[in-house]
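Visitor: Have a peek at structure.pdb (PDB, C-alpha atoms).
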ATOM      1  CA  MET V 755      80.964 -15.207  37.464  1.00  0.00           C
ATOM      2  CA  ALA V 756      78.387 -15.565  40.189  1.00  0.00           C
ATOM      3  CA  GLY V 757      77.697 -12.556  42.390  1.00  0.00           C
ATOM      4  CA  ASN V 758      78.055 -14.295  45.759  1.00  0.00           C
ATOM      5  CA  ILE V 759      80.860 -16.735  46.460  1.00  0.00           C
ATOM      6  CA  LYS V 760      80.008 -19.427  48.991  1.00  0.00           C
ATOM      7  CA  ASP V 761      83.208 -19.366  51.079  1.00  0.00           C
ATOM      8  CA  LYS V 762      84.574 -15.927  50.344  1.00  0.00           C
ATOM      9  CA  GLU V 763      86.683 -15.724  53.517  1.00  0.00           C
ATOM     10  CA  ALA V 764      88.236 -19.125  52.833  1.00  0.00           C
ATOM     11  CA  TYR V 765      89.184 -18.129  49.281  1.00  0.00           C
ATOM     12  CA  GLN V 766      90.661 -14.886  50.620  1.00  0.00           C
ATOM     13  CA  ARG V 767      92.749 -16.878  53.103  1.00  0.00           C
ATOM     14  CA  LEU V 768      93.963 -19.223  50.350  1.00  0.00           C
ATOM     15  CA  ASN V 769      94.861 -16.229  48.197  1.00  0.00           C
ATOM     16  CA  PHE V 770      96.769 -14.632  51.078  1.00  0.00           C
ATOM     17  CA  LEU V 771      98.769 -17.815  51.741  1.00  0.00           C
ATOM     18  CA  TYR V 772      99.641 -18.163  48.037  1.00  0.00           C
ATOM     19  CA  GLN V 773     100.787 -14.540  47.818  1.00  0.00           C
ATOM     20  CA  ALA V 774     102.742 -14.867  51.075  1.00  0.00           C
ATOM     21  CA  ALA V 775     104.621 -17.871  49.690  1.00  0.00           C
ATOM     22  CA  HIS V 776     105.584 -15.868  46.588  1.00  0.00           C
ATOM     23  CA  CYS V 777     106.645 -12.838  48.655  1.00  0.00           C
ATOM     24  CA  VAL V 778     108.829 -14.965  50.922  1.00  0.00           C
ATOM     25  CA  LEU V 779     110.677 -16.388  47.917  1.00  0.00           C
ATOM     26  CA  ALA V 780     110.977 -12.979  46.275  1.00  0.00           C
ATOM     27  CA  GLN V 781     112.625 -11.451  49.362  1.00  0.00           C
ATOM     28  CA  ASN V 782     114.823 -14.413  50.284  1.00  0.00           C
ATOM     29  CA  PRO V 783     115.104 -17.250  47.711  1.00  0.00           C
ATOM     30  CA  GLU V 784     116.782 -19.492  50.298  1.00  0.00           C
ATOM     31  CA  ASN V 785     113.730 -19.449  52.597  1.00  0.00           C
ATOM     32  CA  VAL V 786     112.007 -22.308  50.770  1.00  0.00           C
ATOM     33  CA  GLU V 787     110.752 -24.013  53.941  1.00  0.00           C
ATOM     34  CA  LEU V 788     108.503 -21.104  54.966  1.00  0.00           C
ATOM     35  CA  ALA V 789     107.033 -20.869  51.460  1.00  0.00           C
ATOM     36  CA  ARG V 790     106.483 -24.633  51.518  1.00  0.00           C
ATOM     37  CA  PHE V 791     104.679 -24.325  54.871  1.00  0.00           C
ATOM     38  CA  TYR V 792     102.353 -21.659  53.445  1.00  0.00           C
ATOM     39  CA  CYS V 793     101.529 -23.816  50.412  1.00  0.00           C
ATOM     40  CA  PHE V 794     100.992 -26.906  52.560  1.00  0.00           C
ATOM     41  CA  THR V 795      98.591 -24.919  54.771  1.00  0.00           C
ATOM     42  CA  GLN V 796      96.796 -23.675  51.659  1.00  0.00           C
ATOM     43  CA  LYS V 797      96.436 -27.209  50.316  1.00  0.00           C
ATOM     44  CA  THR V 798      95.199 -28.513  53.688  1.00  0.00           C
ATOM     45  CA  ILE V 799      92.549 -25.785  53.979  1.00  0.00           C
ATOM     46  CA  SER V 800      91.278 -26.352  50.452  1.00  0.00           C
ATOM     47  CA  LYS V 801      91.002 -30.103  51.107  1.00  0.00           C
ATOM     48  CA  ARG V 802      89.272 -29.683  54.454  1.00  0.00           C
ATOM     49  CA  LEU V 803      86.702 -27.212  53.111  1.00  0.00           C
ATOM     50  CA  VAL V 804      86.409 -29.025  49.731  1.00  0.00           C
ATOM     51  CA  LEU V 805      87.253 -25.936  47.696  1.00  0.00           C
ATOM     52  CA  ARG V 806      88.447 -26.071  44.114  1.00  0.00           C
ATOM     53  CA  GLN V 807      91.502 -24.042  43.263  1.00  0.00           C
ATOM     54  CA  ASP V 808      92.124 -22.408  39.915  1.00  0.00           C
ATOM     55  CA  PRO V 809      94.254 -24.530  37.540  1.00  0.00           C
ATOM     56  CA  SER V 810      96.804 -21.721  37.225  1.00  0.00           C
ATOM     57  CA  VAL V 811      97.409 -21.930  40.991  1.00  0.00           C
ATOM     58  CA  LYS V 812      97.572 -25.717  41.032  1.00  0.00           C
ATOM     59  CA  ARG V 813     100.139 -25.684  38.211  1.00  0.00           C
ATOM     60  CA  THR V 814     102.539 -23.580  40.238  1.00  0.00           C
ATOM     61  CA  ILE V 815     102.552 -25.799  43.353  1.00  0.00           C
ATOM     62  CA  CYS V 816     104.445 -29.090  43.516  1.00  0.00           C
ATOM     63  CA  LYS V 817     102.163 -32.034  44.273  1.00  0.00           C
ATOM     64  CA  ARG V 818     104.810 -34.001  46.140  1.00  0.00           C
ATOM     65  CA  CYS V 819     106.521 -31.446  48.411  1.00  0.00           C
ATOM     66  CA  CYS V 820     104.048 -28.490  48.281  1.00  0.00           C
ATOM     67  CA  SER V 821     106.670 -25.920  47.298  1.00  0.00           C
ATOM     68  CA  VAL V 822     105.941 -22.979  45.005  1.00  0.00           C
ATOM     69  CA  LEU V 823     107.354 -23.595  41.530  1.00  0.00           C
ATOM     70  CA  VAL V 824     109.149 -20.380  40.583  1.00  0.00           C
ATOM     71  CA  PRO V 825     111.291 -20.777  37.451  1.00  0.00           C
ATOM     72  CA  GLY V 826     114.979 -20.372  38.221  1.00  0.00           C
ATOM     73  CA  VAL V 827     114.466 -20.417  42.004  1.00  0.00           C
ATOM     74  CA  THR V 828     112.617 -23.595  42.973  1.00  0.00           C
ATOM     75  CA  ALA V 829     111.974 -25.084  39.523  1.00  0.00           C
ATOM     76  CA  THR V 830     113.632 -25.638  36.177  1.00  0.00           C
ATOM     77  CA  VAL V 831     111.575 -25.156  33.026  1.00  0.00           C
ATOM     78  CA  ARG V 832     112.430 -26.873  29.745  1.00  0.00           C
ATOM     79  CA  GLN V 833     110.779 -26.937  26.345  1.00  0.00           C
ATOM     80  CA  ARG V 834     110.706 -30.255  24.495  1.00  0.00           C
ATOM     81  CA  ARG V 835     109.635 -30.884  20.973  1.00  0.00           C
ATOM     82  CA  ARG V 836     108.069 -34.169  19.961  1.00  0.00           C
ATOM     83  CA  ARG V 837     107.271 -35.183  16.422  1.00  0.00           C
ATOM     84  CA  ASN V 838     103.894 -36.783  17.017  1.00  0.00           C
ATOM     85  CA  GLN V 839     102.655 -34.974  20.117  1.00  0.00           C
ATOM     86  CA  GLY V 840     103.768 -31.393  19.484  1.00  0.00           C
ATOM     87  CA  SER V 841     105.788 -29.475  22.043  1.00  0.00           C
ATOM     88  CA  LEU V 842     105.861 -29.975  25.807  1.00  0.00           C
ATOM     89  CA  THR V 843     106.792 -27.776  28.736  1.00  0.00           C
ATOM     90  CA  LEU V 844     108.552 -29.685  31.512  1.00  0.00           C
ATOM     91  CA  VAL V 845     108.582 -28.115  34.979  1.00  0.00           C
ATOM     92  CA  ARG V 846     110.873 -29.909  37.436  1.00  0.00           C
ATOM     93  CA  CYS V 847     110.882 -29.182  41.173  1.00  0.00           C
ATOM     94  CA  VAL V 848     114.410 -28.592  42.498  1.00  0.00           C
ATOM     95  CA  SER V 849     113.544 -29.819  46.018  1.00  0.00           C
ATOM     96  CA  CYS V 850     112.046 -33.224  45.290  1.00  0.00           C
ATOM     97  CA  GLY V 851     112.571 -33.811  41.555  1.00  0.00           C
ATOM     98  CA  GLN V 852     108.861 -34.112  40.665  1.00  0.00           C
ATOM     99  CA  THR V 853     108.200 -33.303  36.995  1.00  0.00           C
ATOM    100  CA  LYS V 854     105.042 -31.785  35.521  1.00  0.00           C
ATOM    101  CA  ARG V 855     104.339 -31.932  31.801  1.00  0.00           C
ATOM    102  CA  PHE V 856     102.137 -29.464  29.970  1.00  0.00           C
ATOM    103  CA  HIS V 857     101.224 -29.701  26.288  1.00  0.00           C
ATOM    104  CA  ASN V 858     101.728 -26.536  24.273  1.00  0.00           C
ATOM    105  CA  ASP V 859      98.627 -26.519  22.108  1.00  0.00           C
ATOM    106  CA  PRO V 860      97.653 -22.960  21.121  1.00  0.00           C
ATOM    107  CA  HIS V 861      94.071 -24.069  20.458  1.00  0.00           C
ATOM    108  CA  HIS V 862      93.656 -25.871  23.793  1.00  0.00           C
ATOM    109  CA  GLN V 863      91.231 -24.304  26.218  1.00  0.00           C
ATOM    110  CA  LEU V 864      90.728 -25.356  29.830  1.00  0.00           C
ATOM    111  CA  TRP V 865      87.276 -26.579  30.821  1.00  0.00           C
ATOM    112  CA  VAL V 866      86.972 -23.724  33.301  1.00  0.00           C
ATOM    113  CA  ASP V 867      87.467 -21.200  30.496  1.00  0.00           C
ATOM    114  CA  ARG V 868      84.906 -22.737  28.144  1.00  0.00           C
ATOM    115  CA  PRO V 869      81.457 -21.102  27.854  1.00  0.00           C
ATOM    116  CA  GLU V 870      79.578 -24.353  28.526  1.00  0.00           C
ATOM    117  CA  ALA V 871      81.331 -24.661  31.904  1.00  0.00           C
ATOM    118  CA  GLN V 872      79.688 -21.491  33.171  1.00  0.00           C
ATOM    119  CA  LEU V 873      76.431 -21.981  35.049  1.00  0.00           C
ATOM    120  CA  GLU V 874      74.811 -18.963  33.366  1.00  0.00           C
ATOM    121  CA  ASN V 875      75.246 -20.581  29.928  1.00  0.00           C
ATOM    122  CA  GLN V 876      73.595 -23.903  30.842  1.00  0.00           C
ATOM    123  CA  PRO V 877      70.232 -24.606  29.152  1.00  0.00           C
ATOM    124  CA  LYS V 878      67.312 -24.251  31.521  1.00  0.00           C
ATOM    125  CA  PRO V 879      64.955 -27.224  32.019  1.00  0.00           C
ATOM    126  CA  GLU V 880      61.456 -26.887  30.626  1.00  0.00           C
ATOM    127  CA  GLN V 881      59.010 -25.325  33.044  1.00  0.00           C
ATOM    128  CA  GLY V 882      56.177 -27.796  32.517  1.00  0.00           C
ATOM    129  CA  PRO V 883      53.912 -29.318  35.137  1.00  0.00           C
ATOM    130  CA  SER V 884      55.722 -31.312  37.746  1.00  0.00           C
ATOM    131  CA  SER V 885      55.705 -35.078  37.609  1.00  0.00           C
ATOM    132  CA  LYS V 886      53.662 -35.283  40.828  1.00  0.00           C
ATOM    133  CA  ALA V 887      50.894 -33.108  39.386  1.00  0.00           C
ATOM    134  CA  THR V 888      50.653 -35.187  36.218  1.00  0.00           C
ATOM    135  CA  LYS V 889      50.527 -38.414  38.250  1.00  0.00           C
ATOM    136  CA  LYS V 890      47.646 -37.083  40.363  1.00  0.00           C
ATOM    137  CA  GLU V 891      45.700 -35.974  37.282  1.00  0.00           C
ATOM    138  CA  THR V 892      46.110 -39.289  35.513  1.00  0.00           C
ATOM    139  CA  ALA V 893      45.218 -41.208  38.655  1.00  0.00           C
ATOM    140  CA  SER V 894      42.014 -39.218  39.253  1.00  0.00           C
ATOM    141  CA  THR V 895      40.817 -39.490  35.637  1.00  0.00           C
ATOM    142  CA  SER V 896      41.653 -43.162  35.211  1.00  0.00           C
ATOM    143  CA  GLN V 897      39.922 -44.390  38.375  1.00  0.00           C
ATOM    144  CA  LYS V 898      36.625 -46.143  37.845  1.00  0.00           C
ATOM    145  CA  PRO V 899      34.021 -46.214  40.571  1.00  0.00           C
ATOM    146  CA  CYS V 900      34.046 -49.260  42.753  1.00  0.00           C
ATOM    147  CA  PRO V 901      31.268 -51.753  41.798  1.00  0.00           C
ATOM    148  CA  ALA V 902      30.340 -52.211  45.455  1.00  0.00           C
ATOM    149  CA  SER V 903      29.499 -48.539  45.793  1.00  0.00           C
ATOM    150  CA  GLU V 904      27.147 -48.512  42.792  1.00  0.00           C
ATOM    151  CA  PRO V 905      23.434 -48.817  43.621  1.00  0.00           C
ATOM    152  CA  LYS V 906      21.887 -52.137  42.716  1.00  0.00           C
ATOM    153  CA  SER V 907      18.732 -52.156  40.718  1.00  0.00           C
TER     154      SER V 907
END
Write the structure described by the file as structure tokens, please.
Guide:
Amino acid sequence: MAGNIKDKEAYQRLNFLYQAAHCVLAQNPENVELARFYCFTQKTISKRLVLRQDPSVKRTICKRCCSVLVPGVTATVRQRRRRNQGSLTLVRCVSCGQTKRFHNDPHHQLWVDRPEAQLENQPKPEQGPSSKATKKETASTSQKPCPASEPKS
């Protein structure tokens, strides 16, 4: 990962809000509204500052009502098997009824986790002369002297 993160304080605040939502539900599972407020604030901050959240965080927050999806507390989790598509994991929010579907492919890898997604692994462009320098060179070599400036004999 890169050494310096652009908005380190903002990511720390998002992390704190996410952890606070989990702690609230762990201490009192009936206090869903406070956890929902924390997640809504987290989502609002990430939108306002245009920050990308990790897919593992986005998978545990309901898109419709912004509540934390904790299995057995605020969400029900089911496994479904399909003949053609393989198996699915269905996560259903208890508050609003929104359902998320995740494919269970053991060979699937998220784009974030792939080596080509990392900036350090990208191929570097060739370090040749710039296009401006080549244009100047070709322009100076291809110019012919003006016939009016040549001496007449």
Visitor: What is the atom CA of Pro783 of chain V-atom CA of Lys797 of chain V distance in Å, reported with one decimal?
Guide: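 That distance, rounded to one decimal, is 21.3 Å.
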Visitor: Just say which residues the PyMOL selection byres ((chain V and resi 829-837) around 12) picks in this file, as a ChimeraX atom specification.
Guide: /V:783,786,813-816,821-828,838-859
Visitor: Using C-alpha atoms, can you export the residues from the last selection as an mmCIF file, in the frame of the given file?
Guide:
data_model
loop_
_atom_site.group_PDB
_atom_site.id
_atom_site.type_symbol
_atom_site.label_atom_id
_atom_site.label_comp_id
_atom_site.auth_asym_id
_atom_site.auth_seq_id
_atom_site.Cartn_x
_atom_site.Cartn_y
_atom_site.Cartn_z
ATOM 1 C CA PRO V 783 115.104 -17.250 47.711
ATOM 2 C CA VAL V 786 112.007 -22.308 50.770
ATOM 3 C CA ARG V 813 100.139 -25.684 38.211
ATOM 4 C CA THR V 814 102.539 -23.580 40.238
ATOM 5 C CA ILE V 815 102.552 -25.799 43.353
ATOM 6 C CA CYS V 816 104.445 -29.090 43.516
ATOM 7 C CA SER V 821 106.670 -25.920 47.298
ATOM 8 C CA VAL V 822 105.941 -22.979 45.005
ATOM 9 C CA LEU V 823 107.354 -23.595 41.530
ATOM 10 C CA VAL V 824 109.149 -20.380 40.583
ATOM 11 C CA PRO V 825 111.291 -20.777 37.451
ATOM 12 C CA GLY V 826 114.979 -20.372 38.221
ATOM 13 C CA VAL V 827 114.466 -20.417 42.004
ATOM 14 C CA THR V 828 112.617 -23.595 42.973
ATOM 15 C CA ASN V 838 103.894 -36.783 17.017
ATOM 16 C CA GLN V 839 102.655 -34.974 20.117
ATOM 17 C CA GLY V 840 103.768 -31.393 19.484
ATOM 18 C CA SER V 841 105.788 -29.475 22.043
ATOM 19 C CA LEU V 842 105.861 -29.975 25.807
ATOM 20 C CA THR V 843 106.792 -27.776 28.736
ATOM 21 C CA LEU V 844 108.552 -29.685 31.512
ATOM 22 C CA VAL V 845 108.582 -28.115 34.979
ATOM 23 C CA ARG V 846 110.873 -29.909 37.436
ATOM 24 C CA CYS V 847 110.882 -29.182 41.173
ATOM 25 C CA VAL V 848 114.410 -28.592 42.498
ATOM 26 C CA SER V 849 113.544 -29.819 46.018
ATOM 27 C CA CYS V 850 112.046 -33.224 45.290
ATOM 28 C CA GLY V 851 112.571 -33.811 41.555
ATOM 29 C CA GLN V 852 108.861 -34.112 40.665
ATOM 30 C CA THR V 853 108.200 -33.303 36.995
ATOM 31 C CA LYS V 854 105.042 -31.785 35.521
ATOM 32 C CA ARG V 855 104.339 -31.932 31.801
ATOM 33 C CA PHE V 856 102.137 -29.464 29.970
ATOM 34 C CA HIS V 857 101.224 -29.701 26.288
ATOM 35 C CA ASN V 858 101.728 -26.536 24.273
ATOM 36 C CA ASP V 859 98.627 -26.519 22.108
#
Visitor: What is the distance, in Å and to one decimal place, between atom CA of Gln796 of chain V and atom CA of Lys760 of chain V?
Guide: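 A separation of 17.5 Å between them.
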Visitor: Provide an axis-aligned box for all listed atoms of segment 783-800 of chain V, padding each side by 6 Å; report its centre and its edge lengths in Å to one decimal, as lines of an AutoDock Vina configuration file.
Guide:
center_x = 104.0
center_y = -22.9
center_z = 51.3
size_x = 37.5
size_y = 23.3
size_z = 19.3
Visitor: Applying 12 Å and all atoms listed in the file, which residues near Gln766 of chain V remain after dropping the ones on its own chain fewer than 5 positions away? List them as a list in words.
Guide: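 The contact residues come out as Ile759, Lys760, Asp761, Leu771, Tyr772, Gln773, Gln796, Ile799, Ser800, Leu805 and Gln807 of chain V.
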Visitor: Could you tell me how far atom CA of Asp867 of chain V sits from atom CA of Phe770 of chain V, in Å to one decimal place?
Guide: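 These atoms are spaced 23.5 Å apart.
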Visitor: Quick one: residues within 6 Å of Cys820 of chain V, only C-alpha atoms, excluding same-chain residues fewer than 2 positions away - as a PyMOL selection string?
Guide: chain V and resi 790+793-794+815-818
Visitor: Give as a list of chain:residue names the residues that the PyMOL selection byres ((chain V and resi 866) around 12) matches when applied to the coordinates above.
Guide: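 That expression, the PyMOL selection byres ((chain V and resi 866) around 12), corresponds here to V:Met755, V:Arg806, V:Gln807, V:Asp808, V:Pro809, V:Ser810, V:His862, V:Gln863, V:Leu864, V:Trp865, V:Asp867, V:Arg868, V:Pro869, V:Glu870, V:Ala871, V:Gln872, V:Leu873.
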Visitor: Using only C-alpha atoms, which residue out of V:Ala774, V:Leu768, V:Val811, V:Leu779 lies closest to Thr798 of chain V?
Guide: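 Of the candidates, the smallest distance to Thr798 of chain V is held by V:Leu768.
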